[in-house]
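Have a look at work16.csv; it's CSV, C-alpha atoms:
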```csv
chain,number,residue,atom,x,y,z
A,15,MET,CA,87.8,102.0,93.1
A,16,THR,CA,89.6,99.9,90.5
A,17,VAL,CA,90.0,102.9,88.2
A,18,ARG,CA,91.5,104.9,91.1
A,19,GLU,CA,94.0,102.1,91.9
A,20,LEU,CA,95.0,101.8,88.3
A,21,ASP,CA,95.4,105.6,87.8
A,22,ALA,CA,97.4,105.8,91.0
A,23,ALA,CA,99.7,103.1,89.8
A,24,GLY,CA,100.2,104.8,86.4
A,25,ILE,CA,98.6,101.9,84.5
A,26,HIS,CA,97.0,103.5,81.4
A,27,ASP,CA,97.1,101.0,78.6
A,28,PRO,CA,93.5,99.6,78.2
A,29,ALA,CA,94.4,96.0,77.8
A,30,LEU,CA,96.8,96.2,80.8
A,31,ARG,CA,94.1,97.8,82.9
A,32,ALA,CA,91.7,95.0,82.0
A,33,ALA,CA,94.3,92.4,82.9
A,34,TYR,CA,94.8,94.0,86.3
A,35,ALA,CA,91.1,94.3,86.9
A,36,HIS,CA,90.8,90.6,86.1
A,37,CYS,CA,93.4,89.8,88.8
A,38,ARG,CA,91.6,92.0,91.3
A,39,GLY,CA,88.4,90.1,90.7
A,40,LEU,CA,90.2,86.8,91.4
A,41,ASN,CA,91.5,88.2,94.7
A,42,ALA,CA,88.1,89.6,95.7
A,43,ARG,CA,86.3,86.3,95.0
A,44,HIS,CA,88.8,83.8,96.4
A,45,GLY,CA,91.2,85.5,98.8
A,46,LYS,CA,88.9,87.0,101.4
A,47,THR,CA,91.4,87.6,104.2
A,48,TYR,CA,94.2,88.5,101.7
A,49,PHE,CA,91.9,90.9,99.8
A,50,LEU,CA,90.8,92.6,103.0
A,51,ALA,CA,94.4,93.2,104.0
A,52,THR,CA,95.3,94.4,100.5
A,53,ARG,CA,92.7,97.2,100.9
A,54,LEU,CA,94.9,98.7,103.6
A,55,LEU,CA,97.8,99.3,101.2
A,56,PRO,CA,98.3,102.6,99.4
A,57,VAL,CA,96.2,102.5,96.2
A,58,ASP,CA,99.1,102.6,93.9
A,59,ARG,CA,100.5,99.3,95.2
A,60,ARG,CA,97.3,97.3,95.2
A,61,PRO,CA,97.3,96.3,91.5
A,62,ALA,CA,100.7,94.6,91.9
A,63,VAL,CA,99.4,92.5,94.8
A,64,HIS,CA,96.3,91.6,92.8
A,65,ALA,CA,98.6,90.4,89.9
A,66,LEU,CA,100.7,88.3,92.2
A,67,TYR,CA,97.6,86.8,93.8
A,68,GLY,CA,96.0,86.1,90.4
A,69,PHE,CA,99.0,84.1,89.2
A,70,ALA,CA,99.2,82.0,92.3
A,71,ARG,CA,95.5,81.4,92.2
A,72,TRP,CA,95.6,80.3,88.6
A,73,ALA,CA,98.3,77.7,89.3
A,74,ASP,CA,96.6,76.5,92.5
A,75,ASP,CA,93.3,76.0,90.6
A,76,ILE,CA,95.1,73.9,88.0
A,77,VAL,CA,96.4,71.6,90.8
A,78,ASP,CA,93.5,71.6,93.2
A,79,ASP,CA,90.2,72.2,91.4
A,80,LEU,CA,88.0,69.3,92.7
A,81,ASP,CA,85.3,70.1,90.2
A,82,SER,CA,87.6,69.4,87.3
A,83,SER,CA,87.8,65.8,85.8
A,84,ALA,CA,91.4,66.5,84.6
A,85,THR,CA,93.9,63.7,85.4
A,86,PRO,CA,97.2,64.4,87.1
A,87,VAL,CA,98.9,64.1,83.7
A,88,GLU,CA,96.5,66.7,82.2
A,89,ARG,CA,97.1,69.0,85.1
A,90,GLY,CA,100.8,68.6,84.6
A,91,ARG,CA,100.5,69.6,81.0
A,92,ALA,CA,98.4,72.6,82.0
A,93,LEU,CA,101.2,73.7,84.5
A,94,LEU,CA,103.8,73.3,81.8
A,95,ALA,CA,101.7,75.4,79.5
A,96,LEU,CA,101.4,78.0,82.2
A,97,GLU,CA,105.1,78.0,82.7
A,98,ALA,CA,105.7,78.5,79.0
A,99,GLN,CA,103.3,81.4,79.0
A,100,LEU,CA,105.0,82.8,82.1
A,101,GLU,CA,108.5,82.7,80.4
A,102,ALA,CA,107.1,84.3,77.2
A,103,GLY,CA,105.3,86.9,79.2
A,104,LEU,CA,108.3,87.8,81.4
A,105,GLU,CA,110.4,88.2,78.3
A,106,ALA,CA,107.8,90.4,76.7
A,107,GLY,CA,107.5,92.4,79.9
A,108,LEU,CA,111.2,93.2,79.8
A,109,ARG,CA,110.6,94.7,76.3
A,110,ARG,CA,107.5,96.5,77.7
A,111,GLU,CA,105.3,94.5,75.4
A,112,GLY,CA,102.1,92.8,76.6
A,113,ALA,CA,101.3,89.1,76.8
A,114,THR,CA,97.9,88.0,75.7
A,115,GLU,CA,96.7,86.1,78.8
A,116,PRO,CA,95.4,88.7,81.3
A,117,VAL,CA,97.0,87.1,84.4
A,118,ILE,CA,100.4,86.7,82.8
A,119,ARG,CA,100.2,90.2,81.3
A,120,ALA,CA,99.6,91.8,84.7
A,121,LEU,CA,102.2,89.6,86.4
A,122,ALA,CA,104.9,90.4,83.8
A,123,ASP,CA,104.1,94.1,84.1
A,124,THR,CA,104.4,93.9,87.9
A,125,ALA,CA,107.6,91.9,87.8
A,126,ARG,CA,109.1,94.6,85.5
A,127,ARG,CA,107.9,97.5,87.6
A,128,TYR,CA,109.2,96.2,90.9
A,129,GLY,CA,112.2,94.2,89.7
A,130,ILE,CA,110.9,90.9,91.1
A,131,ASP,CA,113.3,88.0,90.4
A,132,ARG,CA,111.7,85.5,88.0
A,133,VAL,CA,113.2,82.6,89.9
A,134,HIS,CA,110.5,83.2,92.6
A,135,PHE,CA,107.9,82.3,90.0
A,136,THR,CA,109.6,79.3,88.6
A,137,ASP,CA,110.3,78.0,92.1
A,138,PHE,CA,106.6,78.4,92.9
A,139,LEU,CA,105.6,76.4,89.8
A,140,ALA,CA,108.0,73.6,90.7
A,141,SER,CA,106.3,73.2,94.1
A,142,MET,CA,102.9,73.2,92.3
A,143,ARG,CA,104.1,70.4,90.1
A,144,SER,CA,105.2,68.3,93.0
A,145,ASP,CA,101.6,68.5,94.4
A,146,LEU,CA,100.5,66.3,91.4
A,147,THR,CA,102.7,63.4,92.5
A,148,VAL,CA,103.7,63.9,96.2
A,149,GLY,CA,101.0,63.2,98.8
A,150,GLY,CA,103.0,63.5,102.0
A,151,TYR,CA,106.3,64.4,103.6
A,152,ALA,CA,108.6,62.5,106.0
A,153,SER,CA,109.9,65.5,108.0
A,154,TYR,CA,109.6,69.2,108.6
A,155,GLU,CA,112.9,69.5,106.7
A,156,GLU,CA,111.4,67.8,103.6
A,157,LEU,CA,108.2,69.8,103.9
A,158,GLY,CA,110.3,73.0,104.2
A,159,ARG,CA,111.9,72.4,100.8
A,160,TYR,CA,108.5,72.1,99.3
A,161,MET,CA,107.3,75.3,101.1
A,162,HIS,CA,110.2,77.3,99.9
A,163,GLY,CA,108.5,77.3,96.5
A,164,SER,CA,104.9,77.2,97.6
A,165,ALA,CA,105.0,79.8,100.3
A,166,ALA,CA,108.4,81.5,101.1
A,167,VAL,CA,108.7,82.8,97.6
A,168,ILE,CA,105.3,84.5,97.9
A,169,GLY,CA,106.7,86.7,100.7
A,170,LEU,CA,109.8,87.4,98.6
A,171,GLN,CA,107.7,88.4,95.6
A,172,MET,CA,105.7,90.8,97.8
A,173,LEU,CA,108.7,92.4,99.4
A,174,PRO,CA,109.6,94.8,96.6
A,175,VAL,CA,106.0,95.9,96.3
A,176,LEU,CA,105.7,96.6,100.1
A,177,GLY,CA,109.1,98.4,100.3
A,178,THR,CA,111.5,98.3,103.2
A,179,VAL,CA,113.3,100.8,105.5
A,180,THR,CA,116.2,98.4,105.9
A,181,PRO,CA,118.3,96.6,103.2
A,182,ARG,CA,115.9,94.2,101.4
A,183,GLU,CA,118.2,91.3,102.2
A,184,GLU,CA,117.8,91.9,105.9
A,185,ALA,CA,114.0,91.8,105.6
A,186,ALA,CA,113.9,88.8,103.2
A,187,PRO,CA,114.2,86.0,105.7
A,188,HIS,CA,111.3,87.4,107.7
A,189,ALA,CA,109.2,87.9,104.6
A,190,ALA,CA,109.8,84.3,103.6
A,191,ALA,CA,108.9,83.1,107.1
A,192,LEU,CA,105.6,84.9,107.0
A,193,GLY,CA,104.7,83.2,103.8
A,194,VAL,CA,105.5,79.9,105.4
A,195,ALA,CA,103.6,80.8,108.5
A,196,PHE,CA,100.5,81.6,106.5
A,197,GLN,CA,100.7,78.4,104.6
A,198,LEU,CA,101.2,76.3,107.7
A,199,THR,CA,98.0,77.8,109.0
A,200,ASN,CA,96.2,76.9,105.8
A,201,PHE,CA,97.6,73.3,106.0
A,202,LEU,CA,96.2,73.0,109.6
A,203,ARG,CA,92.8,74.6,108.8
A,204,ASP,CA,92.4,72.5,105.6
A,205,VAL,CA,93.8,69.2,106.7
A,206,GLY,CA,90.5,67.4,106.1
A,207,GLU,CA,90.1,68.9,102.6
A,208,ASP,CA,93.7,68.1,101.7
A,209,LEU,CA,93.2,64.5,102.8
A,210,ASP,CA,90.3,64.3,100.3
A,211,ARG,CA,92.8,65.4,97.6
A,212,GLY,CA,95.2,62.6,98.7
A,213,ARG,CA,97.6,64.9,100.5
A,214,LEU,CA,98.7,65.3,104.1
A,215,TYR,CA,101.0,68.3,104.9
A,216,LEU,CA,101.7,67.2,108.5
A,217,PRO,CA,105.0,65.4,108.3
A,218,ALA,CA,105.2,61.7,109.1
A,219,GLU,CA,107.8,62.3,111.9
A,220,LEU,CA,105.2,64.4,113.8
A,221,LEU,CA,102.5,61.7,113.5
A,222,THR,CA,104.9,59.0,114.6
A,223,ALA,CA,106.0,61.0,117.6
A,224,HIS,CA,102.3,60.9,118.8
A,225,GLY,CA,101.7,57.3,118.0
A,226,VAL,CA,99.4,57.7,115.0
A,227,ASP,CA,99.7,57.3,111.2
A,228,ARG,CA,98.1,58.7,108.1
A,229,GLU,CA,95.6,55.9,108.0
A,230,ARG,CA,94.3,57.0,111.4
A,231,PHE,CA,93.8,60.5,110.1
A,232,GLU,CA,91.9,59.1,107.1
A,233,TRP,CA,89.8,57.0,109.4
A,234,SER,CA,88.9,60.0,111.5
A,235,ARG,CA,88.0,62.0,108.4
A,236,ARG,CA,85.9,59.2,107.0
A,237,THR,CA,84.0,58.3,110.2
A,238,GLY,CA,83.9,61.6,112.1
A,239,ALA,CA,85.3,59.9,115.1
A,240,ARG,CA,87.9,61.6,117.3
A,241,ASP,CA,91.2,60.4,118.6
A,242,ALA,CA,93.1,62.2,121.4
A,243,ARG,CA,96.4,61.3,119.7
A,244,ILE,CA,95.3,63.1,116.5
A,245,THR,CA,94.4,66.1,118.7
A,246,ASP,CA,97.9,66.0,120.1
A,247,VAL,CA,99.4,66.1,116.6
A,248,LEU,CA,97.3,69.1,115.6
A,249,ARG,CA,98.2,70.9,118.8
A,250,ALA,CA,101.9,70.3,118.2
A,251,ALA,CA,101.5,71.5,114.6
A,252,ALA,CA,99.9,74.7,115.8
A,253,ALA,CA,102.7,75.3,118.3
A,254,HIS,CA,105.2,74.9,115.4
A,255,ASN,CA,103.2,77.3,113.3
A,256,ARG,CA,103.3,79.9,116.1
A,257,ALA,CA,107.0,79.6,116.3
A,258,VAL,CA,107.3,80.5,112.6
A,259,TYR,CA,105.0,83.5,113.2
A,260,ARG,CA,107.5,84.6,115.8
A,261,ASP,CA,110.3,84.3,113.3
A,262,ALA,CA,108.4,86.4,110.9
A,263,LEU,CA,107.3,89.1,113.3
A,264,PRO,CA,110.4,91.4,113.3
A,265,GLY,CA,110.1,91.8,109.5
A,266,ILE,CA,106.9,93.9,109.8
A,267,ALA,CA,108.9,96.8,111.4
A,268,MET,CA,111.3,96.6,108.5
A,269,LEU,CA,108.6,97.4,105.9
A,270,THR,CA,107.8,100.9,104.8
A,271,PRO,CA,105.4,102.5,107.3
A,272,VAL,CA,102.5,102.7,104.8
A,273,SER,CA,102.8,98.9,104.2
A,274,ARG,CA,102.9,97.8,107.8
A,275,PRO,CA,99.1,98.1,108.5
A,276,CYS,CA,98.4,95.7,105.6
A,277,ILE,CA,100.8,93.0,106.7
A,278,ARG,CA,100.0,93.5,110.4
A,279,THR,CA,96.3,92.9,109.6
A,280,ALA,CA,97.1,89.8,107.6
A,281,PHE,CA,99.4,88.6,110.5
A,282,VAL,CA,96.8,89.1,113.1
A,283,LEU,CA,93.9,87.5,111.1
A,284,TYR,CA,95.9,84.5,109.9
A,285,SER,CA,97.4,83.8,113.3
A,286,GLY,CA,93.9,84.2,114.7
A,287,ILE,CA,92.8,81.2,112.7
A,288,LEU,CA,95.0,79.2,115.1
A,289,ASP,CA,93.0,80.6,118.0
A,290,SER,CA,89.8,79.5,116.3
A,291,ILE,CA,91.2,76.0,115.7
A,292,GLU,CA,92.0,75.6,119.3
A,293,ALA,CA,88.6,77.0,120.4
A,294,ASP,CA,87.0,74.4,118.1
A,295,GLY,CA,88.9,71.6,119.9
A,296,TYR,CA,91.2,70.9,116.9
A,297,ALA,CA,88.2,69.5,115.0
A,298,VAL,CA,89.8,70.5,111.6
A,299,LEU,CA,89.3,67.0,110.2
A,300,HIS,CA,85.6,67.5,110.5
A,301,ARG,CA,84.9,71.2,110.0
A,302,ARG,CA,86.7,74.4,109.0
A,303,SER,CA,87.6,76.8,111.7
A,304,VAL,CA,87.2,80.5,110.9
A,305,VAL,CA,88.0,83.8,112.6
A,306,PRO,CA,84.6,85.2,113.9
A,307,ARG,CA,83.2,88.0,111.8
A,308,ARG,CA,83.2,90.4,114.7
A,309,ARG,CA,86.9,89.8,115.3
A,310,ARG,CA,87.7,90.3,111.6
A,311,ALA,CA,85.8,93.6,111.7
A,312,VAL,CA,87.7,94.8,114.7
A,313,VAL,CA,91.1,93.9,113.3
A,314,ALA,CA,90.2,95.4,109.9
A,315,LEU,CA,89.0,98.7,111.5
A,316,ASP,CA,92.2,98.9,113.6
A,317,GLY,CA,94.2,98.3,110.4
A,318,LEU,CA,92.3,101.0,108.6
A,319,VAL,CA,93.0,103.5,111.4
A,320,ARG,CA,96.7,102.6,111.3
A,321,ALA,CA,96.8,102.8,107.5
A,322,VAL,CA,95.2,106.3,107.4
A,323,ALA,CA,97.6,107.5,110.1
A,324,ALA,CA,100.7,106.1,108.3
A,325,ARG,CA,99.6,107.7,105.0
A,326,ALA,CA,99.1,111.1,106.8
A,327,VAL,CA,102.6,110.9,108.2
A,328,SER,CA,104.0,109.9,104.8
A,329,ARG,CA,102.3,112.9,103.1
A,330,ARG,CA,103.8,115.2,105.7
A,331,GLY,CA,107.3,113.8,105.0
A,332,GLU,CA,107.7,112.7,108.6
A,333,GLU,CA,109.3,109.4,109.7
A,334,ALA,CA,106.9,107.0,111.2
A,335,PRO,CA,108.0,105.1,114.3
A,336,VAL,CA,109.4,101.6,113.8
A,337,ALA,CA,107.4,100.1,116.7
A,338,GLU,CA,103.7,100.6,116.9
A,339,PRO,CA,101.3,100.3,119.9
A,340,SER,CA,100.2,96.9,121.0
A,341,CYS,CA,97.5,95.2,118.9
A,342,ALA,CA,96.2,92.9,121.5
A,343,SER,CA,93.0,91.0,120.9
A,344,PRO,CA,89.8,92.6,122.5
A,345,SER,CA,89.7,89.3,124.5
A,346,PRO,CA,93.4,88.6,125.3
A,347,ARG,CA,94.3,84.9,125.5
A,348,PRO,CA,98.0,84.9,126.2
A,349,HIS,CA,98.1,81.2,126.9
A,350,VAL,CA,96.7,80.6,123.4
A,351,ALA,CA,98.5,83.3,121.4
A,352,PRO,CA,102.0,83.7,122.9
A,353,VAL,CA,103.2,85.7,120.0
A,354,ARG,CA,104.0,89.3,121.1
A,355,GLU,CA,102.5,91.9,118.7
A,356,GLU,CA,104.0,95.1,120.2
A,357,ALA,CA,106.3,95.5,117.2
A,358,LEU,CA,103.6,95.2,114.6
```
If you took the structure in this file and wrote it as structure tokens, what would it be?
Amino acid sequence: MTVRELDAAGIHDPALRAAYAHCRGLNARHGKTYFLATRLLPVDRRPAVHALYGFARWADDIVDDLDSSATPVERGRALLALEAQLEAGLEAGLRREGATEPVIRALADTARRYGIDRVHFTDFLASMRSDLTVGGYASYEELGRYMHGSAAVIGLQMLPVLGTVTPREEAAPHAAALGVAFQLTNFLRDVGEDLDRGRLYLPAELLTAHGVDRERFEWSRRTGARDARITDVLRAAAAHNRAVYRDALPGIAMLTPVSRPCIRTAFVLYSGILDSIEADGYAVLHRRSVVPRRRRAVVALDGLVRAVAARAVSRRGEEAPVAEPSCASPSPRPHVAPVREEAL
């Protein structure tokens, strides 16, 4: 299947093919939900998504690898080295030459093919560097500045690959919002693991509003004890996250029809993590909440059907409808998931 993707994308240079295959392996091993959704894209667009994921994963591993004994200073040097390789690779990519590092080689080629602004990559690395020294945020406004580089730019990187039926600048705010929504979900799901790394991505203003502080979160993580006020904080964070998903939702209809099933599937699966968190009683400090395997399979199958239909319409040269049928859950829970999905 990798060969088919590379052939469809017109990637023939052996070293470049190996670089993209390396990125695909990273996506398959580490980005389970992301990789599943990527499989719903037309084959010629998948290598670019793998390259974007591979770069983000590489930087994230430098910052967050708990198995590494590297100090923050050493991790900072590694990020600076990565940024230098990125700059050299992008310059080489503009001249259609290859970088030596597989991930950078694939990323530079993708950036050239799709005209992705390099500022999205440098903004991303700036946020990664802040993770080495910043362990918390005072407000959602402050967290938002961090998330521009860590999440919003991911949506903006993806937009040229996905394609739009509207001017790209019209779709861009929704693409950025979806990147932020996904990361907020990760923050909520992984709050316990992030505390172990010395970070808390729930802003202090939210904790204060519910009468708790960071030390109370650390106590709960350490002892396994529950606190109703912590649950209130997590519930409020989930409500904020759902509002960001609502902001992102209109952007899916702005994508090219063949790309919508992929993003729709990621949207439903990621927002479904919030349902699982609620079903688990907001116990994220003590265990990770996941979307049940059966639910994942149902969503993936629905996405596959939509993807096949969209590609068939595209081959016939017809215009697919902007709005698609409802993608309601097999077990609707409107009080849990107020986000309307009719436009997905």
> Leaving out stretch 289-298 of chain A and any residue of its chain fewer than 6 positions from it, which residues lie within 9 Å of it when counting all atoms listed in the file, given as a PyMOL selection string?
Replying inline: chain A and resi 202-206+240+244-246+248-249+252+304-306+347+350-351
> In terms of the shortest atom-to-atom distance over all atoms listed in the file, which of A:Val258, A:Arg243, A:Arg211, A:Ala152 is closest to A:Gln197?
Replying inline: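 Under the stated criterion, the closest residue is A:Val258.
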> Near A:Pro264, counting only C-alpha atoms, which residues have an atom at most 9 Å away, once you skip same-chain residues fewer than 2 positions from it, shown as a PyMOL selection string?
Replying inline: chain A and resi 185+188+260-262+266-268+357-358
>> I'd like the neighbourhood of stretch 219-224 of chain A as a PyMOL selection string, where a residue qualifies if any of its atoms comes within 12 Å (using only C-alpha atoms), though same-chain residues fewer than 2 positions away should be ignored.
In response: chain A and resi 150-157+214-217+226-231+241-252+254
For the residues in the current selection, export C-alpha atoms as a PDB file, keeping the file's coordinate frame.
```pdb
ATOM      1  CA  GLY A 150     103.000  63.500 102.000  1.00  0.00           C
ATOM      2  CA  TYR A 151     106.300  64.400 103.600  1.00  0.00           C
ATOM      3  CA  ALA A 152     108.600  62.500 106.000  1.00  0.00           C
ATOM      4  CA  SER A 153     109.900  65.500 108.000  1.00  0.00           C
ATOM      5  CA  TYR A 154     109.600  69.200 108.600  1.00  0.00           C
ATOM      6  CA  GLU A 155     112.900  69.500 106.700  1.00  0.00           C
ATOM      7  CA  GLU A 156     111.400  67.800 103.600  1.00  0.00           C
ATOM      8  CA  LEU A 157     108.200  69.800 103.900  1.00  0.00           C
ATOM      9  CA  LEU A 214      98.700  65.300 104.100  1.00  0.00           C
ATOM     10  CA  TYR A 215     101.000  68.300 104.900  1.00  0.00           C
ATOM     11  CA  LEU A 216     101.700  67.200 108.500  1.00  0.00           C
ATOM     12  CA  PRO A 217     105.000  65.400 108.300  1.00  0.00           C
ATOM     13  CA  VAL A 226      99.400  57.700 115.000  1.00  0.00           C
ATOM     14  CA  ASP A 227      99.700  57.300 111.200  1.00  0.00           C
ATOM     15  CA  ARG A 228      98.100  58.700 108.100  1.00  0.00           C
ATOM     16  CA  GLU A 229      95.600  55.900 108.000  1.00  0.00           C
ATOM     17  CA  ARG A 230      94.300  57.000 111.400  1.00  0.00           C
ATOM     18  CA  PHE A 231      93.800  60.500 110.100  1.00  0.00           C
ATOM     19  CA  ASP A 241      91.200  60.400 118.600  1.00  0.00           C
ATOM     20  CA  ALA A 242      93.100  62.200 121.400  1.00  0.00           C
ATOM     21  CA  ARG A 243      96.400  61.300 119.700  1.00  0.00           C
ATOM     22  CA  ILE A 244      95.300  63.100 116.500  1.00  0.00           C
ATOM     23  CA  THR A 245      94.400  66.100 118.700  1.00  0.00           C
ATOM     24  CA  ASP A 246      97.900  66.000 120.100  1.00  0.00           C
ATOM     25  CA  VAL A 247      99.400  66.100 116.600  1.00  0.00           C
ATOM     26  CA  LEU A 248      97.300  69.100 115.600  1.00  0.00           C
ATOM     27  CA  ARG A 249      98.200  70.900 118.800  1.00  0.00           C
ATOM     28  CA  ALA A 250     101.900  70.300 118.200  1.00  0.00           C
ATOM     29  CA  ALA A 251     101.500  71.500 114.600  1.00  0.00           C
ATOM     30  CA  ALA A 252      99.900  74.700 115.800  1.00  0.00           C
ATOM     31  CA  HIS A 254     105.200  74.900 115.400  1.00  0.00           C
TER      32      HIS A 254
END
```
>> Please compute the atom CA of A:Arg126-atom CA of A:Pro56 distance, one decimal, in Å.
In response: 19.3 Å
>> Just checking: using only C-alpha atoms, which residue out of A:Leu100, A:Met161, A:Met142, A:Leu318 ends up closest to A:Asp74?
In response: A:Met142
> Hey, what's within 12 Å of A:Leu40 if we count all atoms listed in the file and toss same-chain stuff fewer than 6 positions away? As a VMD selection string, please?
Replying inline: chain A and resid 33 to 34 46 48 to 49 61 63 to 72 75 116 to 117
>> Taking 2 positions as the minimum chain separation for residues in the same chain, which residues sit within 9 Å of A:Ala324 when counting only C-alpha atoms? Answer as number ranges by chain.
In response: A: 271-275, 319-322, 326-329, 334
> So how many Å separate atom CA of A:Gly177 and atom CA of A:Gly158, to one decimal?
Replying inline: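 Taking atom CA of A:Gly177 and atom CA of A:Gly158, their separation equals 25.7 Å.
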